[in-house]
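*Asks:* My structure is below; once you've seen it, I'll send some questions.
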Amino acid sequence: MKTWFTYIASVLFALATAFLFADYELAAIAFSQASTYLLRIGTFITIPLIAFSFTSAIASIRKDKLGTSVASGLTGWTIITTIILPIIPAVFFYLYPLSFPVTSSAGSSGNIVGYYVDYAMMSNASALSIVNPFNIMATASSVILPLLIISWIFGLFLNPSSDTIRPAYAVMNSFSEIMHKISRFYTVYGYIIAYFAFTNLFLSIYVEKTVLASPFFFIMLLVIALTIILVVLPLLFAIFTRFKKNPYKVLFLSLSTLIMATSTSDILSSVPINISASRYSLGVQKRNAVTSTFFYTIFAKGGSAAVSTFLILTLITAMGGVIDTSSIIFIAIASSAASFVSFTSFGMESVITTYIALKMLNIELYGAESALLSILMITNGLSSLIDAAIMALGTKYISVKTKTDLDIPYKDYI
């Protein structure tokens with residue numbers, strides 16, 4: 001069966017399971033632990049993907065002198081989406097002002113968020129101090145940037161320009177192909193992980209009760225996410241590709257990527273899936289699929305910026321603050337800027353972006369930001385959904401830009 005069908009089915013089965021076990025506390029604990037354990041599988045696959053496939057991809061791009069074209073495409077798509085997407089929640093808030101809902105963590109000390117963000121930033125800063133590359137590989141589940149830097153350097157010097165390097169290039173390509181086969185297997189059966197993750201998400205929503213108590217807030221957040229994914233991003237994709245490709249076909253064939261990112265609230269878990277879906281369903285060369293996916297995973301956080309913009313605006317309103325048009329604009333700009341460092345902790349991008357943007361704007365909420373932790377799975381799930389859409393469309397765009405994209409027959413889709 002095609003992945004678009006199995007992943008949608010996993011969501012429906014997860015919803016049914018959540019209804020069945022909604023009042024069983026042990027079920028919520030069991031699904032939470034299972035989803036956490038299964039989520040690590042994606043991370044374990046991602047690490048050798050970087051070590052072998054990313055290195056090989058950089059070497060191949062350099063060999064064919066496509067570095068400038070790929071780099072400009074990656075940078076352009078990332079910057080434009082990160083700047084434009086926060087405008088959408090700003091417009092929605094301007095038309096329909098909302099307050100942040102009361103959550104189970106309301107009134108907690110704001111230092112909870114602050115301490116976590118400070119710890120994440122310091123941990124990642126120390127990780128960038130390269131002492132032992134093998135140690136970095138072992139700890140790259142939380143920080144993949146150092147490993148990407150190492151792999152990028154190896155890839156640059158792996159260019160098969162001499163007889164002595166060509167055997168190493170061939171060996172690295174062989175290991176890369178093995179990783180792609182593993183990624184494909186992970187993609188085909190990843191709906192199992194999505195099922196457990198979505199069941200955990202639905203049970204968490206039921207236990208928290210905030211969605212039931214303040215449904216309009218979450219409906220608005222969902223409408224913003226869908227507007228970005230179904231209207232704004234397809235329009236940007238069409239402009240970037242000069243209307244040569246259908247963005248909705250790309251999104252449809254990337255449903256497995258989108259569902260995995262949403263269910264786990266962690267875009268890192270969808271990295272192997274996006275690479276496989278791009279290569280085997282969207283006709284993207286593996287070097288472009290790998291390079292684009294990892295670049296966007298780190299830097300393309302327009303979804304996190306958009307969700308953060310909405311969260312800041314509603315938090316200030318809940319605190320009794322008055323927001324004018326210029327304030328809305330500055331908040332959107334600050335969220336865009338802060339999103340570029342949100343990779344310091346995957347699964348917490350919306351919180352980190354919100355906290356850093358507040359500090360940039362010198363806005364004091366007196367602990368109100370701690371309420372973000374209670375609905376983290378929802379807010380980060382939606383921000384990961386948007387970021388995954390940016391990643392999927394951006395990967396296809398690079399393929400079009402380098403004129404290497406192919407049309408894959410439906411029977412060959414994964």
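Residues in the structure tokens are numbered from 1 in each chain, the chains being A, B, ... in the order shown, and ligands are numbered from 1 in the order shown.
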Which polymer residues have any atom within 8 Å of an atom of Leu39 in chain A, counting only C-alpha atoms, with same-chain residues fewer than 6 positions away left out, as a list in words?
*Replies:*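 The filter keeps Ile193, Thr264 and Ser269 of chain A.
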*Asks:* May I have the residues within 8 Å of range 246-257 of chain A as a short mmCIF file (atom, residue, chain, number, x, y, z; two decimals) with all heavy atoms, in the first residue's frame, using only C-alpha atoms and disregarding those fewer than 6 positions away in the same chain?
*Replies:*
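Saved file part.cif follows:
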data_model
loop_
_atom_site.label_atom_id
_atom_site.label_comp_id
_atom_site.auth_asym_id
_atom_site.auth_seq_id
_atom_site.Cartn_x
_atom_site.Cartn_y
_atom_site.Cartn_z
N THR A 3 2.17 4.97 0.97
CA THR A 3 2.35 5.57 2.29
C THR A 3 1.27 6.60 2.61
O THR A 3 0.91 6.77 3.78
CB THR A 3 3.73 6.24 2.39
OG1 THR A 3 3.91 7.16 1.30
CG2 THR A 3 4.84 5.20 2.36
N TRP A 4 0.77 7.31 1.59
CA TRP A 4 -0.26 8.31 1.88
C TRP A 4 -1.49 7.65 2.52
O TRP A 4 -2.13 8.23 3.40
CB TRP A 4 -0.65 9.07 0.61
CG TRP A 4 -1.38 8.27 -0.44
CD1 TRP A 4 -0.83 7.67 -1.54
CD2 TRP A 4 -2.79 7.98 -0.50
NE1 TRP A 4 -1.79 7.03 -2.27
CE2 TRP A 4 -3.02 7.21 -1.66
CE3 TRP A 4 -3.87 8.30 0.31
CZ2 TRP A 4 -4.27 6.74 -2.01
CZ3 TRP A 4 -5.13 7.85 -0.05
CH2 TRP A 4 -5.32 7.08 -1.20
N TYR A 7 -0.46 6.12 6.27
CA TYR A 7 -0.26 7.15 7.29
C TYR A 7 -1.58 7.82 7.67
O TYR A 7 -1.81 8.14 8.85
CB TYR A 7 0.74 8.20 6.81
CG TYR A 7 2.19 7.77 7.02
CD1 TYR A 7 2.81 6.88 6.16
CD2 TYR A 7 2.93 8.26 8.10
CE1 TYR A 7 4.12 6.48 6.35
CE2 TYR A 7 4.24 7.87 8.31
CZ TYR A 7 4.83 6.98 7.43
OH TYR A 7 6.13 6.58 7.63
N THR A 187 10.42 4.57 6.19
CA THR A 187 9.29 5.33 5.64
C THR A 187 8.07 4.43 5.43
O THR A 187 6.94 4.80 5.77
CB THR A 187 9.68 5.99 4.31
OG1 THR A 187 10.80 6.86 4.53
CG2 THR A 187 8.53 6.79 3.74
N TYR A 191 4.37 4.37 9.63
CA TYR A 191 3.00 4.63 10.08
C TYR A 191 2.75 4.01 11.47
O TYR A 191 1.85 4.47 12.20
CB TYR A 191 1.99 4.09 9.07
CG TYR A 191 1.96 2.59 8.93
CD1 TYR A 191 1.12 1.81 9.72
CD2 TYR A 191 2.75 1.94 7.98
CE1 TYR A 191 1.09 0.42 9.59
CE2 TYR A 191 2.73 0.57 7.84
CZ TYR A 191 1.89 -0.18 8.64
OH TYR A 191 1.87 -1.55 8.51
N LEU A 230 -1.89 25.31 2.64
CA LEU A 230 -2.73 25.11 1.45
C LEU A 230 -2.81 26.33 0.54
O LEU A 230 -3.22 26.20 -0.62
CB LEU A 230 -4.14 24.71 1.87
CG LEU A 230 -4.25 23.40 2.67
CD1 LEU A 230 -5.70 23.13 3.05
CD2 LEU A 230 -3.69 22.23 1.87
N PRO A 234 1.97 26.95 -1.25
CA PRO A 234 1.81 26.59 -2.67
C PRO A 234 2.01 27.77 -3.62
O PRO A 234 2.59 27.62 -4.69
CB PRO A 234 0.37 26.07 -2.73
CG PRO A 234 0.12 25.53 -1.37
CD PRO A 234 0.83 26.48 -0.44
N PHE A 237 5.72 28.44 -3.75
CA PHE A 237 6.34 27.37 -4.54
C PHE A 237 6.11 27.59 -6.03
O PHE A 237 7.04 27.43 -6.85
CB PHE A 237 5.78 26.02 -4.12
CG PHE A 237 6.30 24.85 -4.90
CD1 PHE A 237 7.51 24.26 -4.58
CD2 PHE A 237 5.58 24.33 -5.97
CE1 PHE A 237 8.01 23.18 -5.31
CE2 PHE A 237 6.05 23.26 -6.70
CZ PHE A 237 7.27 22.67 -6.37
N ALA A 238 4.89 27.97 -6.37
CA ALA A 238 4.57 28.21 -7.78
C ALA A 238 5.40 29.37 -8.34
O ALA A 238 5.90 29.31 -9.47
CB ALA A 238 3.08 28.51 -7.93
N SER A 270 11.02 13.16 10.93
CA SER A 270 10.53 13.05 9.55
C SER A 270 11.64 13.21 8.52
O SER A 270 11.37 13.14 7.32
CB SER A 270 9.44 14.10 9.30
OG SER A 270 9.98 15.41 9.38
N VAL A 271 12.88 13.39 8.97
CA VAL A 271 13.99 13.58 8.04
C VAL A 271 14.18 12.39 7.10
O VAL A 271 14.22 12.57 5.87
CB VAL A 271 15.30 13.89 8.81
CG1 VAL A 271 16.52 13.72 7.91
CG2 VAL A 271 15.26 15.32 9.36
N ILE A 273 12.07 10.20 6.24
CA ILE A 273 10.85 10.05 5.42
C ILE A 273 10.85 11.06 4.29
O ILE A 273 10.50 10.73 3.14
CB ILE A 273 9.60 10.21 6.31
CG1 ILE A 273 9.55 9.09 7.34
CG2 ILE A 273 8.34 10.19 5.46
CD1 ILE A 273 8.38 9.18 8.30
N ASN A 274 11.23 12.30 4.57
CA ASN A 274 11.25 13.31 3.51
C ASN A 274 12.27 12.97 2.43
O ASN A 274 12.02 13.16 1.24
CB ASN A 274 11.56 14.69 4.09
CG ASN A 274 11.40 15.79 3.05
OD1 ASN A 274 10.31 16.10 2.60
ND2 ASN A 274 12.52 16.39 2.65
N ALA A 277 10.65 10.02 0.45
CA ALA A 277 9.49 10.48 -0.33
C ALA A 277 9.94 11.36 -1.48
O ALA A 277 9.40 11.27 -2.60
CB ALA A 277 8.52 11.24 0.57
N SER A 278 10.93 12.21 -1.23
CA SER A 278 11.44 13.09 -2.28
C SER A 278 12.09 12.30 -3.41
O SER A 278 11.87 12.58 -4.59
CB SER A 278 12.45 14.09 -1.70
OG SER A 278 11.84 14.92 -0.74
N SER A 281 9.21 9.21 -4.72
CA SER A 281 7.88 9.62 -5.18
C SER A 281 7.89 10.93 -5.95
O SER A 281 7.10 11.12 -6.87
CB SER A 281 6.92 9.76 -3.98
OG SER A 281 6.72 8.51 -3.36
N LEU A 282 8.80 11.84 -5.58
CA LEU A 282 8.83 13.15 -6.22
C LEU A 282 9.91 13.27 -7.29
O LEU A 282 9.99 14.30 -7.96
CB LEU A 282 9.06 14.23 -5.15
CG LEU A 282 7.92 14.41 -4.14
CD1 LEU A 282 8.32 15.41 -3.07
CD2 LEU A 282 6.65 14.86 -4.85
N ALA A 388 7.62 21.03 8.05
CA ALA A 388 7.74 19.86 7.18
C ALA A 388 7.24 20.17 5.77
O ALA A 388 7.81 19.69 4.78
CB ALA A 388 6.96 18.68 7.77
N ALA A 389 6.18 20.96 5.67
CA ALA A 389 5.67 21.38 4.35
C ALA A 389 6.69 22.27 3.64
O ALA A 389 6.90 22.14 2.42
CB ALA A 389 4.34 22.11 4.51
N ALA A 392 9.40 19.86 2.40
CA ALA A 392 9.00 19.04 1.26
C ALA A 392 8.95 19.87 -0.03
O ALA A 392 9.49 19.46 -1.07
CB ALA A 392 7.64 18.41 1.54
N LEU A 393 8.29 21.01 0.03
CA LEU A 393 8.19 21.87 -1.15
C LEU A 393 9.55 22.43 -1.54
O LEU A 393 9.89 22.52 -2.73
CB LEU A 393 7.20 23.01 -0.89
CG LEU A 393 5.72 22.61 -0.78
CD1 LEU A 393 4.90 23.76 -0.23
CD2 LEU A 393 5.17 22.17 -2.13
N LYS A 396 11.70 19.83 -3.43
CA LYS A 396 11.29 19.73 -4.84
C LYS A 396 11.73 20.95 -5.64
O LYS A 396 12.14 20.83 -6.80
CB LYS A 396 9.77 19.55 -4.93
CG LYS A 396 9.25 19.36 -6.36
CD LYS A 396 9.81 18.11 -7.01
CE LYS A 396 9.19 17.89 -8.40
NZ LYS A 396 9.77 16.69 -9.06
#
*Asks:* Which residues are near Met348 in chain A? Cut-off 8 Å, only C-alpha atoms, ignore same chain within fewer than 3 positions. Put them as an NGL selection string.
*Replies:* :A and (266 or 342 or 345 or 351-352 or 376 or 380)
*Asks:* Counting only C-alpha atoms, which residue out of A:Leu148, A:Val290, A:Ile228, A:Val188 sits closest to Ile414 in chain A?
*Replies:*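 For Ile414 in chain A, the nearest of the given residues is A:Val188.
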*Asks:* Would you work out the distance separating CA of Glu349 in chain A from CA of Ser304 in chain A, expressed in Å to one decimal?
*Replies:*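 So the answer is 6.1 Å.
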*Asks:* Using backbone DSSP assignments, extract all helix (DSSP H, G or I) residues from range 9-230 of chain A; output them as a ChimeraX atom specification.
*Replies:* /A:9-20,25-63,67-84,87-95,111-127,133-138,145-157,166-188,191-208,210-213,215-230
*Asks:* Could you name the residues that touch Val400 in chain A at 12 Å or less, counting only C-alpha atoms, but leaving out those on the same chain fewer than 2 positions away, as a compact mmCIF listing (two decimals) with all heavy atoms, in the first residue's frame?
*Replies:*
# COMPACT_ATOMS: atom_id res chain seq x y z
N SER A 69 24.31 27.02 -7.32
CA SER A 69 22.88 26.94 -7.63
C SER A 69 22.09 26.38 -6.46
O SER A 69 21.03 26.91 -6.09
CB SER A 69 22.66 26.07 -8.87
OG SER A 69 21.28 25.96 -9.17
N VAL A 70 22.60 25.30 -5.86
CA VAL A 70 21.90 24.68 -4.73
C VAL A 70 21.90 25.62 -3.52
O VAL A 70 20.86 25.81 -2.87
CB VAL A 70 22.56 23.34 -4.36
CG1 VAL A 70 21.98 22.80 -3.06
CG2 VAL A 70 22.37 22.33 -5.48
N GLY A 73 19.48 28.51 -3.94
CA GLY A 73 18.09 28.05 -3.86
C GLY A 73 17.68 27.75 -2.43
O GLY A 73 16.59 28.15 -1.99
N PHE A 237 5.72 28.44 -3.75
CA PHE A 237 6.34 27.37 -4.54
C PHE A 237 6.11 27.59 -6.03
O PHE A 237 7.04 27.43 -6.85
CB PHE A 237 5.78 26.02 -4.12
CG PHE A 237 6.30 24.85 -4.90
CD1 PHE A 237 7.51 24.26 -4.58
CD2 PHE A 237 5.58 24.33 -5.97
CE1 PHE A 237 8.01 23.18 -5.31
CE2 PHE A 237 6.05 23.26 -6.70
CZ PHE A 237 7.27 22.67 -6.37
N ALA A 238 4.89 27.97 -6.37
CA ALA A 238 4.57 28.21 -7.78
C ALA A 238 5.40 29.37 -8.34
O ALA A 238 5.90 29.31 -9.47
CB ALA A 238 3.08 28.51 -7.93
N PHE A 240 8.37 30.41 -7.16
CA PHE A 240 9.78 30.00 -7.21
C PHE A 240 10.05 29.08 -8.39
O PHE A 240 11.12 29.14 -9.00
CB PHE A 240 10.16 29.31 -5.90
CG PHE A 240 10.70 30.24 -4.85
CD1 PHE A 240 9.86 31.10 -4.18
CD2 PHE A 240 12.05 30.26 -4.54
CE1 PHE A 240 10.35 31.96 -3.20
CE2 PHE A 240 12.56 31.11 -3.58
CZ PHE A 240 11.70 31.97 -2.90
N THR A 241 9.11 28.20 -8.70
CA THR A 241 9.30 27.24 -9.81
C THR A 241 8.74 27.77 -11.13
O THR A 241 8.70 27.03 -12.11
CB THR A 241 8.63 25.90 -9.48
OG1 THR A 241 7.23 26.12 -9.26
CG2 THR A 241 9.25 25.28 -8.23
N ARG A 242 8.29 29.02 -11.13
CA ARG A 242 7.71 29.65 -12.32
C ARG A 242 6.52 28.86 -12.85
O ARG A 242 6.35 28.69 -14.06
CB ARG A 242 8.77 29.81 -13.39
CG ARG A 242 9.94 30.68 -12.96
CD ARG A 242 11.01 30.81 -14.03
NE ARG A 242 12.14 31.59 -13.54
CZ ARG A 242 13.23 31.86 -14.26
NH1 ARG A 242 13.34 31.39 -15.50
NH2 ARG A 242 14.20 32.58 -13.74
N PHE A 243 5.74 28.35 -11.90
CA PHE A 243 4.49 27.64 -12.18
C PHE A 243 4.69 26.40 -13.06
O PHE A 243 3.81 25.98 -13.80
CB PHE A 243 3.49 28.59 -12.86
CG PHE A 243 3.09 29.74 -11.98
CD1 PHE A 243 3.83 30.93 -11.98
CD2 PHE A 243 2.00 29.64 -11.14
CE1 PHE A 243 3.47 32.00 -11.16
CE2 PHE A 243 1.63 30.70 -10.32
CZ PHE A 243 2.36 31.88 -10.33
N LYS A 244 5.86 25.77 -12.91
CA LYS A 244 6.16 24.57 -13.69
C LYS A 244 5.68 23.29 -13.01
O LYS A 244 5.48 22.28 -13.67
CB LYS A 244 7.68 24.48 -13.94
CG LYS A 244 8.24 25.57 -14.83
CD LYS A 244 9.75 25.42 -15.01
CE LYS A 244 10.33 26.51 -15.89
NZ LYS A 244 11.81 26.38 -16.04
N LYS A 245 5.53 23.34 -11.68
CA LYS A 245 5.16 22.13 -10.95
C LYS A 245 3.94 22.40 -10.08
O LYS A 245 3.69 23.52 -9.64
CB LYS A 245 6.33 21.66 -10.07
CG LYS A 245 7.57 21.26 -10.87
CD LYS A 245 7.32 20.04 -11.73
CE LYS A 245 8.51 19.69 -12.58
NZ LYS A 245 8.27 18.49 -13.42
N ASN A 246 3.19 21.33 -9.83
CA ASN A 246 1.98 21.42 -9.02
C ASN A 246 2.33 21.25 -7.54
O ASN A 246 2.73 20.16 -7.12
CB ASN A 246 0.98 20.34 -9.45
CG ASN A 246 -0.33 20.43 -8.70
OD1 ASN A 246 -0.49 21.22 -7.77
ND2 ASN A 246 -1.29 19.61 -9.10
N LEU A 282 8.80 11.84 -5.58
CA LEU A 282 8.83 13.15 -6.22
C LEU A 282 9.91 13.27 -7.29
O LEU A 282 9.99 14.30 -7.96
CB LEU A 282 9.06 14.23 -5.15
CG LEU A 282 7.92 14.41 -4.14
CD1 LEU A 282 8.32 15.41 -3.07
CD2 LEU A 282 6.65 14.86 -4.85
N GLY A 283 10.74 12.26 -7.45
CA GLY A 283 11.74 12.29 -8.51
C GLY A 283 12.90 13.23 -8.26
O GLY A 283 13.49 13.76 -9.20
N VAL A 284 13.24 13.45 -7.00
CA VAL A 284 14.38 14.30 -6.65
C VAL A 284 15.63 13.46 -6.53
O VAL A 284 15.61 12.39 -5.91
CB VAL A 284 14.11 15.03 -5.31
CG1 VAL A 284 15.30 15.91 -4.93
CG2 VAL A 284 12.84 15.87 -5.40
N GLN A 285 16.72 13.91 -7.14
CA GLN A 285 17.98 13.19 -7.01
C GLN A 285 18.36 13.08 -5.53
O GLN A 285 18.12 13.99 -4.75
CB GLN A 285 19.10 13.91 -7.76
CG GLN A 285 19.06 13.73 -9.27
CD GLN A 285 20.29 14.34 -9.93
OE1 GLN A 285 20.99 15.17 -9.35
NE2 GLN A 285 20.57 13.92 -11.16
N ASN A 288 20.29 15.97 -3.96
CA ASN A 288 19.48 17.15 -3.68
C ASN A 288 18.51 16.89 -2.52
O ASN A 288 18.26 17.78 -1.70
CB ASN A 288 18.69 17.55 -4.92
CG ASN A 288 19.57 18.17 -6.00
OD1 ASN A 288 20.60 18.76 -5.68
ND2 ASN A 288 19.18 18.02 -7.25
N ALA A 289 17.96 15.68 -2.47
CA ALA A 289 17.02 15.33 -1.39
C ALA A 289 17.71 15.39 -0.04
O ALA A 289 17.17 15.94 0.93
CB ALA A 289 16.45 13.94 -1.63
N LEU A 393 8.29 21.01 0.03
CA LEU A 393 8.19 21.87 -1.15
C LEU A 393 9.55 22.43 -1.54
O LEU A 393 9.89 22.52 -2.73
CB LEU A 393 7.20 23.01 -0.89
CG LEU A 393 5.72 22.61 -0.78
CD1 LEU A 393 4.90 23.76 -0.23
CD2 LEU A 393 5.17 22.17 -2.13
N GLY A 394 10.35 22.80 -0.53
CA GLY A 394 11.67 23.34 -0.80
C GLY A 394 12.61 22.33 -1.44
O GLY A 394 13.43 22.68 -2.29
N THR A 395 12.47 21.07 -1.04
CA THR A 395 13.30 20.02 -1.63
C THR A 395 12.99 19.84 -3.11
O THR A 395 13.89 19.72 -3.95
CB THR A 395 13.09 18.69 -0.88
OG1 THR A 395 13.42 18.86 0.50
CG2 THR A 395 13.97 17.59 -1.47
N LYS A 396 11.70 19.83 -3.43
CA LYS A 396 11.29 19.73 -4.84
C LYS A 396 11.73 20.95 -5.64
O LYS A 396 12.14 20.83 -6.80
CB LYS A 396 9.77 19.55 -4.93
CG LYS A 396 9.25 19.36 -6.36
CD LYS A 396 9.81 18.11 -7.01
CE LYS A 396 9.19 17.89 -8.40
NZ LYS A 396 9.77 16.69 -9.06
N TYR A 397 11.67 22.11 -5.01
CA TYR A 397 12.09 23.34 -5.70
C TYR A 397 13.56 23.27 -6.10
O TYR A 397 13.93 23.66 -7.21
CB TYR A 397 11.85 24.55 -4.80
CG TYR A 397 12.68 25.75 -5.16
CD1 TYR A 397 12.54 26.37 -6.39
CD2 TYR A 397 13.64 26.26 -4.27
CE1 TYR A 397 13.33 27.47 -6.73
CE2 TYR A 397 14.42 27.35 -4.60
CZ TYR A 397 14.26 27.95 -5.83
OH TYR A 397 15.04 29.03 -6.18
N ILE A 398 14.43 22.76 -5.22
CA ILE A 398 15.85 22.64 -5.55
C ILE A 398 16.04 21.70 -6.75
O ILE A 398 16.89 21.94 -7.61
CB ILE A 398 16.64 22.13 -4.33
CG1 ILE A 398 16.61 23.15 -3.21
CG2 ILE A 398 18.09 21.82 -4.72
CD1 ILE A 398 17.19 24.50 -3.57
N THR A 402 17.76 23.00 -10.26
CA THR A 402 18.96 22.40 -10.84
C THR A 402 18.65 21.58 -12.10
O THR A 402 19.55 20.95 -12.67
CB THR A 402 19.65 21.48 -9.81
OG1 THR A 402 18.72 20.50 -9.34
CG2 THR A 402 20.15 22.30 -8.63
N LYS A 403 17.38 21.56 -12.50
CA LYS A 403 16.93 20.86 -13.71
C LYS A 403 17.28 19.37 -13.67
O LYS A 403 17.74 18.79 -14.67
CB LYS A 403 17.54 21.51 -14.96
CG LYS A 403 17.15 22.98 -15.13
CD LYS A 403 17.82 23.60 -16.35
CE LYS A 403 17.42 25.07 -16.47
NZ LYS A 403 18.06 25.73 -17.64
N THR A 404 17.05 18.77 -12.52
CA THR A 404 17.35 17.35 -12.37
C THR A 404 16.14 16.54 -11.92
O THR A 404 16.26 15.37 -11.58
CB THR A 404 18.49 17.14 -11.33
OG1 THR A 404 18.09 17.74 -10.08
CG2 THR A 404 19.78 17.77 -11.80
N ASP A 405 14.96 17.18 -11.87
CA ASP A 405 13.77 16.49 -11.36
C ASP A 405 13.22 15.53 -12.40
O ASP A 405 13.36 15.73 -13.61
CB ASP A 405 12.70 17.49 -10.94
CG ASP A 405 12.15 18.26 -12.11
OD1 ASP A 405 12.94 18.95 -12.79
OD2 ASP A 405 10.93 18.18 -12.37
N LEU A 406 12.57 14.47 -11.90
CA LEU A 406 11.98 13.45 -12.76
C LEU A 406 10.50 13.27 -12.39
O LEU A 406 10.09 13.58 -11.28
CB LEU A 406 12.71 12.12 -12.60
CG LEU A 406 14.21 12.09 -12.95
CD1 LEU A 406 14.80 10.75 -12.53
CD2 LEU A 406 14.43 12.36 -14.43
N ASP A 407 9.72 12.76 -13.32
CA ASP A 407 8.33 12.41 -13.05
C ASP A 407 8.25 10.91 -12.80
O ASP A 407 8.55 10.10 -13.68
CB ASP A 407 7.43 12.80 -14.23
CG ASP A 407 7.29 14.31 -14.37
OD1 ASP A 407 7.23 14.98 -13.32
OD2 ASP A 407 7.27 14.81 -15.52
*Asks:* With only C-alpha atoms as the basis for distance, which of A:Ser56, A:Ser335, A:Thr6, A:Ser292 is at the shortest distance from Ile356 in chain A?
*Replies:*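 Among A:Ser56, A:Ser335, A:Thr6, A:Ser292, it is A:Ser335 that comes nearest to Ile356 in chain A.
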*Asks:* So, with only C-alpha atoms as the atoms that count, which of A:Tyr195, A:Tyr96, A:Phe175, A:Tyr37 lies closest to Ala16 in chain A?
*Replies:*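 Closest candidate: A:Tyr195.
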*Asks:* Excluding Val232 in chain A and residues on its chain fewer than 5 positions from it, collect all residues at most 10 Å away from it, counting only C-alpha atoms, and give them as a tab-separated table (two decimals) with C-alpha atoms, in the first residue's frame.
*Replies:*
chain	number	residue	atom	x	y	z
A	81	THR	CA	9.37	31.61	3.85
A	84	ILE	CA	6.52	35.87	4.96
A	85	LEU	CA	4.88	33.14	7.06
A	88	ILE	CA	-0.23	35.28	8.29
A	225	ALA	CA	-1.57	26.46	9.79
A	226	LEU	CA	-3.88	25.21	7.04
A	227	THR	CA	-3.92	28.63	5.36
A	237	PHE	CA	6.34	27.37	-4.54
A	238	ALA	CA	4.57	28.21	-7.78
*Asks:* Give me the residues within 9 Å of Gly303 in chain A as a ChimeraX atom specification, counting only C-alpha atoms and dropping any in the same chain fewer than 2 places off.
*Replies:* /A:81-82,85-86,225,228,300-301,305-308,339,350,382-390
*Asks:* For the selection just defined, write its residues with N, CA, C and O atoms to a file, as a compact mmCIF listing (two decimals), in the first residue's frame.
*Replies:*
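Below is the file that was written, out18.txt:
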# COMPACT_ATOMS: atom_id res chain seq x y z
N THR A 81 10.43 32.24 3.06
CA THR A 81 9.37 31.61 3.85
C THR A 81 9.41 32.07 5.31
O THR A 81 8.36 32.28 5.93
N THR A 82 10.60 32.24 5.85
CA THR A 82 10.73 32.66 7.24
C THR A 82 10.25 34.09 7.43
O THR A 82 9.71 34.44 8.50
N LEU A 85 5.86 33.94 6.32
CA LEU A 85 4.88 33.14 7.06
C LEU A 85 4.40 33.78 8.37
O LEU A 85 3.21 33.67 8.70
N PRO A 86 5.27 34.45 9.16
CA PRO A 86 4.75 35.08 10.38
C PRO A 86 3.73 36.19 10.11
O PRO A 86 3.00 36.60 11.03
N ALA A 225 -2.47 27.47 10.34
CA ALA A 225 -1.57 26.46 9.79
C ALA A 225 -2.04 25.96 8.43
O ALA A 225 -1.24 25.84 7.49
N ILE A 228 -1.53 28.58 5.70
CA ILE A 228 -0.14 28.62 5.26
C ILE A 228 0.19 27.45 4.35
O ILE A 228 0.81 27.62 3.29
N ALA A 300 15.17 26.25 8.09
CA ALA A 300 13.86 26.65 7.56
C ALA A 300 12.78 26.47 8.63
O ALA A 300 12.10 25.45 8.67
N LYS A 301 12.61 27.45 9.48
CA LYS A 301 11.69 27.37 10.61
C LYS A 301 10.59 28.42 10.50
O LYS A 301 10.17 29.01 11.50
N ALA A 305 8.27 30.18 13.45
CA ALA A 305 8.15 31.64 13.55
C ALA A 305 6.70 32.07 13.52
O ALA A 305 6.28 32.97 14.26
N ALA A 306 5.90 31.43 12.65
CA ALA A 306 4.49 31.79 12.53
C ALA A 306 3.72 31.46 13.81
O ALA A 306 2.96 32.28 14.33
N VAL A 307 3.92 30.24 14.32
CA VAL A 307 3.24 29.84 15.55
C VAL A 307 3.69 30.71 16.71
O VAL A 307 2.88 31.12 17.55
N SER A 308 4.98 31.03 16.77
CA SER A 308 5.51 31.87 17.84
C SER A 308 4.87 33.26 17.79
O SER A 308 4.55 33.83 18.85
N SER A 339 13.66 32.37 15.12
CA SER A 339 13.46 31.00 14.63
C SER A 339 14.73 30.38 14.09
O SER A 339 14.85 29.15 14.05
N SER A 350 8.87 25.91 19.02
CA SER A 350 7.89 26.98 19.24
C SER A 350 8.14 27.69 20.56
O SER A 350 7.99 28.92 20.65
N LEU A 382 1.96 21.63 15.30
CA LEU A 382 1.53 22.46 14.16
C LEU A 382 2.72 23.20 13.54
O LEU A 382 2.79 23.34 12.31
N SER A 383 3.64 23.67 14.36
CA SER A 383 4.82 24.33 13.80
C SER A 383 5.68 23.34 13.02
O SER A 383 6.22 23.66 11.95
N SER A 384 5.78 22.10 13.52
CA SER A 384 6.52 21.05 12.80
C SER A 384 5.81 20.68 11.50
O SER A 384 6.47 20.37 10.49
N LEU A 385 4.49 20.69 11.53
CA LEU A 385 3.71 20.42 10.31
C LEU A 385 4.04 21.44 9.23
O LEU A 385 4.30 21.08 8.07
N ILE A 386 4.04 22.72 9.60
CA ILE A 386 4.35 23.77 8.62
C ILE A 386 5.80 23.66 8.16
O ILE A 386 6.10 23.77 6.96
N ASP A 387 6.71 23.44 9.11
CA ASP A 387 8.13 23.31 8.75
C ASP A 387 8.36 22.11 7.83
O ASP A 387 9.21 22.17 6.93
N ALA A 388 7.62 21.03 8.05
CA ALA A 388 7.74 19.86 7.18
C ALA A 388 7.24 20.17 5.77
O ALA A 388 7.81 19.69 4.78
N ALA A 389 6.18 20.96 5.67
CA ALA A 389 5.67 21.38 4.35
C ALA A 389 6.69 22.27 3.64
O ALA A 389 6.90 22.14 2.42
N ILE A 390 7.33 23.16 4.40
CA ILE A 390 8.39 23.99 3.83
C ILE A 390 9.52 23.11 3.31
O ILE A 390 10.06 23.32 2.21
*Asks:* Kindly give the distance, in Å, that separates CA of Arg166 in chain A and CA of Ile153 in chain A, rounded to a single decimal.
*Replies:* 16.8 Å
*Asks:* From the set A:Tyr410, A:Tyr206, A:Phe217, A:Phe157, which residue has the shortest atom-to-atom contact distance to Ala22 in chain A, counting only C-alpha atoms?
*Replies:*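 Counting only C-alpha atoms, the residue closest to Ala22 in chain A is A:Tyr206.
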*Asks:* Fewer than 6 positions away in the same chain doesn't count, so skip those; otherwise give me all residues within 10 Å of Lys63 in chain A, counting only C-alpha atoms, as a list in words.
*Replies:*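 Selected residues are Ala57, Leu156, Leu158, Asn159, Pro160 and Ser161 of chain A.
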